[in-house]
Structures are given as C-alpha cells and as structure tokens.
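Peer 1: Before I ask anything, here is the structure I am working with.
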Amino acid sequence: MAGDGRRGRRSFDLRTWLAGVDPGLTRLRLAAIAVTSMIVAVAVVAVLRALLDPSEPVTVLLFTGVLAMISNLAVNEPTLPRRRTTTALLILPAAASTVAGAFVAPYPIASAVSFVVVMVVAVWVRRYGPRGFALGMAAFMPFFFTQFLKVAPAQVPWLLVAVVVGVSSTLLLRGVVFAERPARTLRRMVTAFRARAHALVGEIDDVLVELPREGPDEGDLESVRKARARLQEVALLVEDALEQTTAGRVWPGLDDDTLALRVADAELALERLSVVVRRLALPPADGPPEPLDPVVVAALRTGVGHLRTALGAGTDQATILEAAADARAAVAGLVADTRAGGERVQRTAFAIRRVADAIHHAQLDAPSPASAPGPREAGTPVAGTSRGAPSPDALADRPEPGSTVDVPERRPAEDDVRPEEEPPRPAGGIAVTTRQAVQVGVAATLAIVVSESIAPQRWYWAVIAAFVVFAGTNSRGDLLTRGWGRVVGTIGGVVAGMGLAALVGDNQVLSLVLLFVGVFLALYLVRISPAMLAFWITAVLALVYGLIGQFSVEVLLLRIEETAIGAAASVVAAFLVLPRGTRAAFGEAVSELVDAIDQVLADATDRLVGRPTTTSRREGVRAMDDALVTLRQRAQPLAVPLARRRARSSYQRGLRVLVVCDVYARSLARSADHVTDASWAATLVPASEQVRANLDGLRDVLVRGKRASDGGQVRARSAERLVDAAEEHAARSADDPHRRTAMLGVARLLRRIDQAVVGLAVDLGAAEDLDSDDGDQSPSTAASAGVANTRSGS
C-alpha cells in the first residue's frame, strides 16, 4: 500500500528524532533519577544491614527500593521548592502506614479493614492537589507492601530506616544533585518542538509523494494526524516551561511573550499545512477527484523538502533562512496561479509559504550570535513573525471559498498515577474525590470478598488493581478503558515475567540488574500508556518473587485473576455507587471550557478597545488549554467503537467545534496585544458579546440537551452583521496598512468562532437556519461552519 516503505523514502535524521521522542527529556529524567534513587537507597540499607544485622530478611531492601520509586513517581509539584517540601513530607504518612501495616499484617480481618480505610483516605486527600495526591500515595503504597512482603512487627525499626533512606535518596538526587533546571528544560522543549515540526513535515511529504500514484491510504493520513497531535502536545509543554523560567535566561534579548507567540504561530501554520494537504489528498465532496500534475506535486514536495531542511536539528541560522526562502520560491508560481480548478493546490502552496514565513520571522527575532552565550543554538523560537506585531498570515487565514476548519488534536500524556492539576470541582453536589473515595472503599471491599474465595493469601493484588484503576479517572467510561488496559498489560507482563525468570534462574545479581531495568522501562513508559506500566511492573514482580523464594507460574497466573477481579470490582462500584456517567463528566468539562473561552474572548475584547482586564493573557489562555485537555480526556470513552452510543457523533462534533474555538480564541488573544483602538468599542464589543452569547447557548445544548425543537428557550443568532460592522470600522479607521490588516484579522477570527458555533447550533435545533434568508447569516456562513454542519458533508 501507499504507506509501505515510507520511512525509506526520506533520510532518517537521528538527532532530530531523538530530540522529539522525549520532549525535554522529562520521561528519561523521571526514570533515570528514580532508578538511581532506588540503587542508592538499596545500597545504603544493604551496607547498614551487613554491618548491624545480617540476619534481617532481604525484604527490607525491596521495601527501600519501593519507597524510593514511589517518592519519585508520586511527587509532581510545579516548582522545585514545592517538590522538595512535598518529598520531605512523604516520610510522615509512609512511616505511619508502615507501622500500622506491620502490626495488622498477621491478622487477616484487621488487615483487610485497615487496607480499605487507608485506600479511602488516600483517595480523599487528592482534593488538595498534587501534594494531597503524593501524600495519599505515600500512605497507600507502604501499607500495601507490608501486606505483600508479610512483614512482622519486629521488622518495624528496619522498615522505618527504609522509609527514611528511600525518601531521602529521592530528595537528595531529585531535589539537589539532579535538580531540574528550568532554563535547560525550556531549551530542550523548544528543540523538541522543532523536532516534532520536522516530523510532521516529513509525514506530509509522505502524503504528497503518493498523490500522482494511487493516492495515500488512511495510514498515511492517520500518521499526519498523530504527528500534528504530538506537535501540539509539545507546544503546551513550552508554555508550561515558560511558567518556570524566562526566555531571556536561555536566549538573551528574547522575551517570554515573543517566544510564546512564535511557537503558537508556528503551530497554527503547521496545522494549516496538514489540513490543506489532507484535503488535497481526499476527493472533493462535490465532484470527481482532480487529476494532479506530477510537476505541481514536485513543486509542492520541493517546498516541503526545504521546510524539513530548515527544521532539522543543528541547522545554522544562515541555512535556515536560505531554506525558508527556497521553500517560498518553490511554490511562488502555484501561489500566484488563480485559474479555476486549482484552488486546493493554491491553498496548499499558500500554507507552505506560511510555514516558511513563520520560520523566517522566527530567525529574525532570534538574538544575535554575539549576544547569546556559547555556541549558536539553532533551536531558537520556531515560529511567528517580525518583532513587535504578528504577521497577517499568522493572525488568520485568508477567507477561501468553501473552506472548512479542520480540527487539531491535543492528546495529553497519561500517567497511571498522575495527580489532578488542581483540586477537583464539585459535580452534582459531591466532590469528585469524595465520590471516588466512597467508590474505592466499596470496590476494595468487593475485591477482598471475591478474592478470599480464590486466594486468601493474595487478595491484596485485587485491591491494588482497584486502587490504581481509579487514579486519574473521571467517569465510568474512562474507568472501563483504564481497567481494560491494566488487565491486558498484566497478561503481557506475566508472559514476560516467565521468560525473565527462566533466564535468570538463581542468579541474584542478574535478577537485581533486570529488576532495575524493568523499573526504568515502567517509569519511562508510564506517561505513554498505563498498560505499559502494568506490563513492566508485573514482569518485575516475577523477579521479586524469585528473590524472596516464592516464584511460581501459578502465582503469576493468579496475578492476572486478581487484577481482573480488582478492575471488575472498580467497574461495579463506579456503576452502582454514586455513579457519575461519562456524559455528565463530559458536560462538566464542556461547561468549564466554555467559561474559559468566554473569559479569554472578554479579556481580548477589553484589551482591543483599551479597557483594563481581570486576568493576564497567558493565564487565561493556559486555563483554556487546560480545560481543553480535560475535555479531551473525558470525551475519549464516548468515542470507543466498542461502545455504540446514541448521538456519539454529536459529542465528537461538539468537541471539534470547541477545539476550533480554542485555536481561534488563542489567536485572538495574541492579536489583542498588538492592536488597541478605543473607538472600536461601539462595533467590536456588541459583536464579541453576541459571539459569547452564542457560545453560551451552545453550551446549554451540549450540557443540558435543550433544543429549539424540544421547546427549549436556547437560541443562537449569528453575529454576522455585528462582525461586519466591526470589520467595516477596522477597514476605514486604520491608516497604517499593517494595523488595518491586524484589525481585519481580529474581526475574521471572531467571525470564524461564530460560524463554527452557529453551524453546530443549527444542526442541533438550537438556532434558526437562515441560509435561505437575507437575515443575520451571510451565504458563506454555512460553508465556513462546515466543521459542525453535518449537512455540509464534514
């Protein structure tokens, strides 16, 4: 097929690939520091044990390693001082649960009851944010391992030593020796952004190369979508890094807003390129496929090839500027070609020129080599425009006949033990953490009761499965997905564990080495897939059982059964005890995102007309993007093909429209920093208020299900005429061409948001379809809102 041998058609840039595979080296740092902490902690306790009490069971070494690993994995505070404080505080709940676990371990009933209580408390304290999450994990995991290792009260002194040494090793290595340096992280994130951009352009080239042949297959197009999602993920990470440091500390002379603008504008330009190439590859909706001249495709590929050169890692500034100029020159003829029938090719050429312009202006904004310390870093901001004002193309696309807005994906990395970014909000009168604490208690009780009939001595595996499955889930559908992934990962881990056990035999040194390797891989991959964490942890357990003399195939198979019991108990609890449906969680996330978009639009409008604002641009945009990340997470279960849901496509269409609103609202917020005109208030403010009112009306439809056809009072009326008035003011009031273009771009962005929102509202029966009238909606509205309007074929 078209996708076969794609990688062989272009040169493989190892340096660029390495820069993009782990943005900022965050996963590598987490795994490497955690394993190093484990080795240091185990070594210290091993020396103390050899000197003071060689008869102490080897289980104390395993316990030490576990505490070092958990203290690394559970602490996710945003700043170094908070990370240090939270890590030090872990000693208190860890010591308390260790003592309690050791004294109740010999008594099955007391042990089971205590286990449930510890789980409930550990989940409930998550309401206090990342610190509460970490302290809850520090209470739960030591208690679990006291049951798993069958410790006796006489071991308590050594176990407390293990707690202090394990946590202290993490505090020393992660908080002092290998403390994260925000400036270095920012540099790595920007370099990763370039690498991900390079990868996206490469995937686009793979699509173009197939156009003169049988055409690209779905695999090629899906690869473009995934590469685009990975690029956008890194763009958010750059924003996160900017909250910890300033761009000037990495590139003297570059301010934070300029860097953020450059990255965001490059992201939008590359998104646009991926969208138009996808449309070029697919047959048009209104006719047969257009035959593409191989010469035209060759010109497009030449332009894309120059973009790849400019985005390669280690490319010097002169080469970047030259490659950007060559990319523009390669498609100049296609950009100028206005003959009928070639609109899609022209839009593709224009998108290539946009990306080239973004790269060119980013290099002009970069500090001069003399001002930057050390060698010239080619990975300076990739994006944007000349200093001081965004370019017209970066602000908004030119209106194109019949164009629709394709939707960028944002897929956040998942972490099996990732904490909430902020305290969970109450829903339906009950806080999320309270609901989950009750559900976890019920799930743990069910798991214990069922497990006792299968393996009375191994019930704790079912309990930990029930606990971990609830970590980071917000709805029943999300829990189903996570539980299934954990069971599959455990099955694979059992197979791998059997192979490792056969390989190492009685070699304890080799077992320890492979144990640390397995832990490293588990932590390195945890943010990619929870199933991979389950896989490697299960494989590591086979080695642990070998070290303590309890390994058998039956034990590993029992692990699968217990994991399935725990996951099933969690599902039963989630569906029967204080149930919180996936749709309810989705609606709550929609409401939060609409509120955030509304705030960004309101603040941007105030800045545009010279009024004071309540929040900073970066704060508002960050809140909006965080809300979008949450919405995506909660929408995923609604899109699972195995669960055929009524109106499932409506959820996905609603998500697509809100993503469009997020993209354009971010662009509008950036534009507002460069244009201020108090006289614009008379026309711009009413237009903005109507757009925000329409967005609020759409929220009511998506969350509460109100429709005009059902007798609901929610109506969305197009703001087309109001935006026309604001656009007319912009065209007449600004004498400077650049200022006029920027103001027209603002009006165009506002129009795009309204078109997308009203288009979906029409489909859902919450707005009048005015396509045939001369009223508020212009004839172009339906075409422009095709992202939401199913009748337009999108």
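Residue numbering restarts at 1 in every chain; chains get A, B, ... in the order shown in the structure tokens, and ligands count up from 1 in that same order.
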Apply DSSP to the structure's backbone, then extract all residues of range 413-560 of chain A labelled strand (DSSP E) and return them as a list in words.
Peer 2: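 Taking range 413-560 of chain A and keeping strand (DSSP E) only, one gets Pro426, Ala427, Ile430 and Ala431 of chain A.
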Peer 1: So that I can see what lies close to range 614-616 of chain A, please list as a VMD selection string the residues with an atom at most 9 Å from it, counting only C-alpha atoms and leaving out residues fewer than 6 positions away in the same chain.
Peer 2: chain A and resid 599 to 600 603
Peer 1: Got a sec: who's within 7 Å of range 201-214 of chain A, counting only C-alpha atoms, leaving out chain neighbours fewer than 5 positions off, as an NGL selection string?
Peer 2: :A and (2 or 6 or 220 or 223-224 or 274 or 281 or 292 or 294 or 297 or 301 or 304 or 308)
Peer 1: Rounded to one decimal place, report the CA of Arg84 in chain A-CA of Val47 in chain A distance in Å.
Peer 2: 26.0 Å
Peer 1: Could you name the residues that touch Pro106 in chain A at 10 Å or less, counting only C-alpha atoms, but leaving out those on the same chain fewer than 4 positions away, as a ChimeraX atom specification?
Peer 2: /A:101-102,110-111,147,150-153
Peer 1: Got a sec: who's within 12 Å of Pro81 in chain A, counting only C-alpha atoms, leaving out chain neighbours fewer than 6 positions off, as a tab-separated table (two decimals) with N, CA and C atoms, in the first residue's frame?
Peer 2:
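The new file out.tsv reads:
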```tsv
chain	number	residue	atom	x	y	z
A	75	VAL	N	5.39	12.55	43.32
A	75	VAL	CA	5.56	13.99	43.51
A	75	VAL	C	5.62	14.67	42.15
A	87	THR	N	8.28	16.13	48.98
A	87	THR	CA	9.06	14.89	49.13
A	87	THR	C	9.43	14.65	50.58
A	88	ALA	N	9.86	15.69	51.29
A	88	ALA	CA	10.22	15.52	52.69
A	88	ALA	C	9.01	15.11	53.53
A	171	LEU	N	14.95	12.81	47.68
A	171	LEU	CA	15.10	14.23	47.99
A	171	LEU	C	16.49	14.72	47.61
A	174	ARG	N	16.80	14.05	43.33
A	174	ARG	CA	15.88	14.83	42.51
A	174	ARG	C	15.81	16.29	42.95
A	175	GLY	N	16.02	16.53	44.25
A	175	GLY	CA	15.88	17.89	44.75
A	175	GLY	C	17.17	18.68	44.80
A	176	VAL	N	18.32	17.98	44.74
A	176	VAL	CA	19.59	18.71	44.87
A	176	VAL	C	20.56	18.35	43.75
A	179	ALA	N	18.67	18.29	40.36
A	179	ALA	CA	17.51	19.18	40.36
A	179	ALA	C	17.26	19.73	38.96
A	180	GLU	N	16.01	19.77	38.61
A	180	GLU	CA	15.64	20.25	37.29
A	180	GLU	C	15.97	21.74	37.16
A	244	GLN	N	8.05	28.50	34.49
A	244	GLN	CA	9.10	28.23	35.46
A	244	GLN	C	10.35	29.07	35.26
```
Peer 1: Which one is closest to Ser570 in chain A: A:Ala349, A:Leu556, A:Ala444, A:Val509? Count only C-alpha atoms.
Peer 2: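 Of all the options, A:Ala444 lies closest to Ser570 in chain A.
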Peer 1: Just the residues within 12 Å of Val66 in chain A, please, counting only C-alpha atoms, with nothing from its chain fewer than 3 positions along; format it as a PyMOL selection string.
Peer 2: chain A and resi 34-35+37-39+41-42+59-63+69-74+94+137-138+140-146+148-149+159+162-163+165-167+169-170+515-516+519+537+540-541+544
Peer 1: For the selection just defined, write its residues with N, CA and C atoms to a file, as a CSV table (one decimal), in the first residue's frame.
Peer 2:
```
chain,number,residue,atom,x,y,z
A,34,ALA,N,14.7,8.1,39.3
A,34,ALA,CA,14.0,7.1,40.2
A,34,ALA,C,14.8,5.8,40.4
A,35,VAL,N,15.4,5.3,39.3
A,35,VAL,CA,16.2,4.1,39.4
A,35,VAL,C,17.5,4.4,40.1
A,37,SER,N,17.9,6.6,42.4
A,37,SER,CA,17.5,6.7,43.8
A,37,SER,C,17.3,5.4,44.5
A,38,MET,N,16.7,4.5,43.7
A,38,MET,CA,16.5,3.1,44.2
A,38,MET,C,17.8,2.4,44.5
A,39,ILE,N,18.7,2.6,43.6
A,39,ILE,CA,20.0,1.9,43.7
A,39,ILE,C,20.8,2.5,44.9
A,41,ALA,N,19.5,4.1,47.5
A,41,ALA,CA,18.8,3.7,48.8
A,41,ALA,C,19.0,2.2,49.2
A,42,VAL,N,18.9,1.4,48.2
A,42,VAL,CA,19.1,-0.1,48.5
A,42,VAL,C,20.6,-0.3,48.9
A,59,THR,N,13.9,-8.7,52.4
A,59,THR,CA,12.7,-7.9,52.0
A,59,THR,C,12.8,-6.4,52.4
A,60,VAL,N,13.7,-6.1,53.4
A,60,VAL,CA,13.8,-4.7,53.7
A,60,VAL,C,14.5,-3.9,52.6
A,61,LEU,N,15.3,-4.6,51.8
A,61,LEU,CA,16.0,-3.9,50.6
A,61,LEU,C,14.9,-3.7,49.6
A,62,LEU,N,14.0,-4.6,49.3
A,62,LEU,CA,12.9,-4.4,48.4
A,62,LEU,C,12.0,-3.2,48.8
A,63,PHE,N,11.7,-3.2,50.1
A,63,PHE,CA,10.9,-2.1,50.6
A,63,PHE,C,11.6,-0.8,50.5
A,69,MET,N,11.2,4.6,44.7
A,69,MET,CA,10.4,4.7,43.4
A,69,MET,C,9.2,5.5,43.6
A,70,ILE,N,8.4,5.2,44.6
A,70,ILE,CA,7.1,5.9,44.8
A,70,ILE,C,7.3,7.4,45.1
A,71,SER,N,8.3,7.7,45.8
A,71,SER,CA,8.6,9.1,46.2
A,71,SER,C,9.0,9.9,44.9
A,72,ASN,N,9.5,9.3,43.9
A,72,ASN,CA,9.8,9.9,42.7
A,72,ASN,C,8.6,10.0,41.8
A,73,LEU,N,7.8,9.0,41.8
A,73,LEU,CA,6.7,8.9,40.8
A,73,LEU,C,5.5,9.8,41.3
A,74,ALA,N,5.3,9.8,42.6
A,74,ALA,CA,4.1,10.5,43.2
A,74,ALA,C,4.2,12.0,43.2
A,94,ALA,N,4.2,7.8,55.1
A,94,ALA,CA,4.8,6.5,54.8
A,94,ALA,C,5.1,5.8,56.1
A,137,MET,N,-0.5,8.7,48.1
A,137,MET,CA,0.2,7.5,47.5
A,137,MET,C,1.3,7.1,48.5
A,138,ALA,N,1.9,8.0,49.3
A,138,ALA,CA,2.9,7.6,50.3
A,138,ALA,C,2.2,6.9,51.5
A,140,PHE,N,-0.6,4.8,51.0
A,140,PHE,CA,-1.1,3.6,50.4
A,140,PHE,C,0.0,2.6,50.1
A,141,MET,N,1.0,3.0,49.3
A,141,MET,CA,2.0,2.0,48.8
A,141,MET,C,2.7,1.3,50.0
A,142,PRO,N,3.3,2.0,51.0
A,142,PRO,CA,3.9,1.2,52.1
A,142,PRO,C,3.0,0.2,52.8
A,143,PHE,N,1.8,0.6,53.0
A,143,PHE,CA,0.8,-0.3,53.6
A,143,PHE,C,0.7,-1.5,52.7
A,144,PHE,N,0.5,-1.3,51.4
A,144,PHE,CA,0.3,-2.4,50.5
A,144,PHE,C,1.5,-3.4,50.6
A,145,PHE,N,2.7,-2.8,50.6
A,145,PHE,CA,3.9,-3.7,50.5
A,145,PHE,C,4.2,-4.4,51.9
A,146,THR,N,3.7,-3.8,53.0
A,146,THR,CA,3.8,-4.6,54.2
A,146,THR,C,2.9,-5.9,54.2
A,148,PHE,N,2.1,-7.4,51.2
A,148,PHE,CA,2.7,-8.2,50.1
A,148,PHE,C,3.9,-8.9,50.6
A,149,LEU,N,4.8,-8.3,51.4
A,149,LEU,CA,6.0,-8.9,51.9
A,149,LEU,C,5.8,-9.6,53.2
A,159,LEU,N,12.2,-1.2,58.8
A,159,LEU,CA,11.3,-0.6,57.8
A,159,LEU,C,11.3,0.9,57.9
A,162,ALA,N,14.2,2.1,56.3
A,162,ALA,CA,14.0,2.0,54.8
A,162,ALA,C,13.2,3.2,54.3
A,163,VAL,N,12.1,3.6,55.1
A,163,VAL,CA,11.3,4.8,54.7
A,163,VAL,C,12.2,6.0,54.6
A,165,VAL,N,15.5,6.4,54.4
A,165,VAL,CA,16.5,6.3,53.4
A,165,VAL,C,16.0,6.4,52.0
A,166,GLY,N,14.8,5.7,51.8
A,166,GLY,CA,14.2,5.7,50.4
A,166,GLY,C,13.8,7.1,50.0
A,167,VAL,N,13.1,7.8,50.9
A,167,VAL,CA,12.6,9.1,50.6
A,167,VAL,C,13.7,10.1,50.5
A,169,SER,N,16.8,9.6,49.7
A,169,SER,CA,17.6,9.4,48.4
A,169,SER,C,17.0,10.2,47.3
A,170,THR,N,15.6,10.1,47.2
A,170,THR,CA,14.9,10.9,46.2
A,170,THR,C,15.1,12.4,46.4
A,515,LEU,N,15.8,-6.3,37.4
A,515,LEU,CA,14.7,-5.6,38.2
A,515,LEU,C,14.8,-4.1,38.0
A,516,PHE,N,16.0,-3.6,38.1
A,516,PHE,CA,16.1,-2.1,37.9
A,516,PHE,C,15.8,-1.7,36.4
A,519,VAL,N,12.1,-1.6,36.1
A,519,VAL,CA,11.5,-0.4,36.8
A,519,VAL,C,11.8,0.8,35.9
A,537,ILE,N,5.8,-3.7,35.5
A,537,ILE,CA,5.7,-3.9,36.9
A,537,ILE,C,5.4,-5.4,37.2
A,540,VAL,N,8.5,-7.3,36.6
A,540,VAL,CA,9.5,-7.1,37.7
A,540,VAL,C,9.0,-7.9,38.9
A,541,LEU,N,7.7,-8.1,39.1
A,541,LEU,CA,7.3,-8.9,40.2
A,541,LEU,C,7.7,-10.3,40.1
A,544,VAL,N,11.0,-10.2,41.7
A,544,VAL,CA,10.9,-10.1,43.1
A,544,VAL,C,10.5,-11.4,43.8
```
Peer 1: Would you pick out the contacts of range 311-313 of chain A at 7 Å or less, using only C-alpha atoms, so that residues sharing its chain but fewer than 2 positions from it are not included, and give the list as a list in words?
Peer 2: Arg15, Thr16, Arg194, Ala195, Ala197, His198, Leu307, Arg308, Thr309 and Thr315 of chain A
Peer 1: Taking all heavy atoms for each residue, export the selection above as a PDB file, in the first residue's frame.
Peer 2:
```
ATOM      1  N   ARG A  15      19.423  12.689  15.021  1.00  0.00           N
ATOM      2  CA  ARG A  15      19.488  13.754  16.026  1.00  0.00           C
ATOM      3  C   ARG A  15      18.132  14.422  16.205  1.00  0.00           C
ATOM      4  O   ARG A  15      17.702  14.696  17.331  1.00  0.00           O
ATOM      5  CB  ARG A  15      20.539  14.776  15.605  1.00  0.00           C
ATOM      6  CG  ARG A  15      20.721  15.917  16.585  1.00  0.00           C
ATOM      7  CD  ARG A  15      21.855  16.823  16.154  1.00  0.00           C
ATOM      8  NE  ARG A  15      21.946  18.002  17.010  1.00  0.00           N
ATOM      9  CZ  ARG A  15      22.834  18.967  16.851  1.00  0.00           C
ATOM     10  NH1 ARG A  15      23.736  18.881  15.885  1.00  0.00           N
ATOM     11  NH2 ARG A  15      22.853  20.010  17.653  1.00  0.00           N
ATOM     12  N   THR A  16      17.444  14.674  15.096  1.00  0.00           N
ATOM     13  CA  THR A  16      16.126  15.294  15.185  1.00  0.00           C
ATOM     14  C   THR A  16      15.130  14.351  15.836  1.00  0.00           C
ATOM     15  O   THR A  16      14.304  14.755  16.660  1.00  0.00           O
ATOM     16  CB  THR A  16      15.635  15.693  13.780  1.00  0.00           C
ATOM     17  OG1 THR A  16      16.588  16.575  13.189  1.00  0.00           O
ATOM     18  CG2 THR A  16      14.283  16.383  13.847  1.00  0.00           C
ATOM     19  N   ARG A 194      10.851  21.919  17.530  1.00  0.00           N
ATOM     20  CA  ARG A 194      11.419  21.891  16.177  1.00  0.00           C
ATOM     21  C   ARG A 194      11.430  20.466  15.630  1.00  0.00           C
ATOM     22  O   ARG A 194      11.106  20.226  14.466  1.00  0.00           O
ATOM     23  CB  ARG A 194      12.847  22.439  16.196  1.00  0.00           C
ATOM     24  CG  ARG A 194      12.977  23.925  16.456  1.00  0.00           C
ATOM     25  CD  ARG A 194      14.445  24.335  16.493  1.00  0.00           C
ATOM     26  NE  ARG A 194      15.102  24.078  15.219  1.00  0.00           N
ATOM     27  CZ  ARG A 194      15.146  24.944  14.215  1.00  0.00           C
ATOM     28  NH1 ARG A 194      14.582  26.130  14.352  1.00  0.00           N
ATOM     29  NH2 ARG A 194      15.755  24.645  13.100  1.00  0.00           N
ATOM     30  N   ALA A 195      11.815  19.510  16.489  1.00  0.00           N
ATOM     31  CA  ALA A 195      11.890  18.120  16.042  1.00  0.00           C
ATOM     32  C   ALA A 195      10.516  17.578  15.671  1.00  0.00           C
ATOM     33  O   ALA A 195      10.357  16.879  14.661  1.00  0.00           O
ATOM     34  CB  ALA A 195      12.529  17.264  17.134  1.00  0.00           C
ATOM     35  N   ALA A 197       7.991  19.391  14.708  1.00  0.00           N
ATOM     36  CA  ALA A 197       7.610  20.080  13.467  1.00  0.00           C
ATOM     37  C   ALA A 197       8.274  19.410  12.269  1.00  0.00           C
ATOM     38  O   ALA A 197       7.655  19.221  11.210  1.00  0.00           O
ATOM     39  CB  ALA A 197       8.000  21.551  13.554  1.00  0.00           C
ATOM     40  N   HIS A 198       9.535  19.053  12.413  1.00  0.00           N
ATOM     41  CA  HIS A 198      10.279  18.348  11.363  1.00  0.00           C
ATOM     42  C   HIS A 198       9.594  17.022  11.024  1.00  0.00           C
ATOM     43  O   HIS A 198       9.430  16.669   9.849  1.00  0.00           O
ATOM     44  CB  HIS A 198      11.709  18.110  11.843  1.00  0.00           C
ATOM     45  CG  HIS A 198      12.586  17.428  10.841  1.00  0.00           C
ATOM     46  ND1 HIS A 198      12.623  16.063  10.690  1.00  0.00           N
ATOM     47  CD2 HIS A 198      13.478  17.923   9.949  1.00  0.00           C
ATOM     48  CE1 HIS A 198      13.480  15.737   9.747  1.00  0.00           C
ATOM     49  NE2 HIS A 198      14.018  16.840   9.278  1.00  0.00           N
ATOM     50  N   LEU A 307      11.419  23.043   3.812  1.00  0.00           N
ATOM     51  CA  LEU A 307      10.951  23.232   5.189  1.00  0.00           C
ATOM     52  C   LEU A 307      11.603  22.218   6.122  1.00  0.00           C
ATOM     53  O   LEU A 307      11.988  22.550   7.247  1.00  0.00           O
ATOM     54  CB  LEU A 307       9.422  23.098   5.260  1.00  0.00           C
ATOM     55  CG  LEU A 307       8.590  24.147   4.533  1.00  0.00           C
ATOM     56  CD1 LEU A 307       7.105  23.863   4.729  1.00  0.00           C
ATOM     57  CD2 LEU A 307       8.925  25.551   4.987  1.00  0.00           C
ATOM     58  N   ARG A 308      11.719  20.982   5.678  1.00  0.00           N
ATOM     59  CA  ARG A 308      12.372  19.954   6.505  1.00  0.00           C
ATOM     60  C   ARG A 308      13.823  20.317   6.772  1.00  0.00           C
ATOM     61  O   ARG A 308      14.345  20.102   7.867  1.00  0.00           O
ATOM     62  CB  ARG A 308      12.289  18.593   5.824  1.00  0.00           C
ATOM     63  CG  ARG A 308      10.884  18.037   5.742  1.00  0.00           C
ATOM     64  CD  ARG A 308      10.854  16.616   5.231  1.00  0.00           C
ATOM     65  NE  ARG A 308      11.506  15.732   6.189  1.00  0.00           N
ATOM     66  CZ  ARG A 308      12.559  14.965   5.904  1.00  0.00           C
ATOM     67  NH1 ARG A 308      13.108  15.012   4.696  1.00  0.00           N
ATOM     68  NH2 ARG A 308      13.067  14.176   6.817  1.00  0.00           N
ATOM     69  N   THR A 309      14.475  20.863   5.757  1.00  0.00           N
ATOM     70  CA  THR A 309      15.868  21.282   5.954  1.00  0.00           C
ATOM     71  C   THR A 309      15.957  22.370   7.017  1.00  0.00           C
ATOM     72  O   THR A 309      16.833  22.349   7.892  1.00  0.00           O
ATOM     73  CB  THR A 309      16.457  21.794   4.636  1.00  0.00           C
ATOM     74  OG1 THR A 309      16.428  20.725   3.669  1.00  0.00           O
ATOM     75  CG2 THR A 309      17.886  22.282   4.823  1.00  0.00           C
ATOM     76  N   THR A 315      20.744  22.846  12.536  1.00  0.00           N
ATOM     77  CA  THR A 315      20.890  23.683  11.353  1.00  0.00           C
ATOM     78  C   THR A 315      21.235  25.114  11.766  1.00  0.00           C
ATOM     79  O   THR A 315      20.597  25.676  12.660  1.00  0.00           O
ATOM     80  CB  THR A 315      19.582  23.687  10.531  1.00  0.00           C
ATOM     81  OG1 THR A 315      19.175  22.339  10.288  1.00  0.00           O
ATOM     82  CG2 THR A 315      19.764  24.413   9.216  1.00  0.00           C
TER      83      THR A 315
END
```
Peer 1: What residues in range 33-161 of chain A get the DSSP label alpha helix (DSSP H)? Please answer as number ranges by chain.
Peer 2: A: 33-52, 59-74, 80-89, 91-104, 108-124, 129-148, 156-161
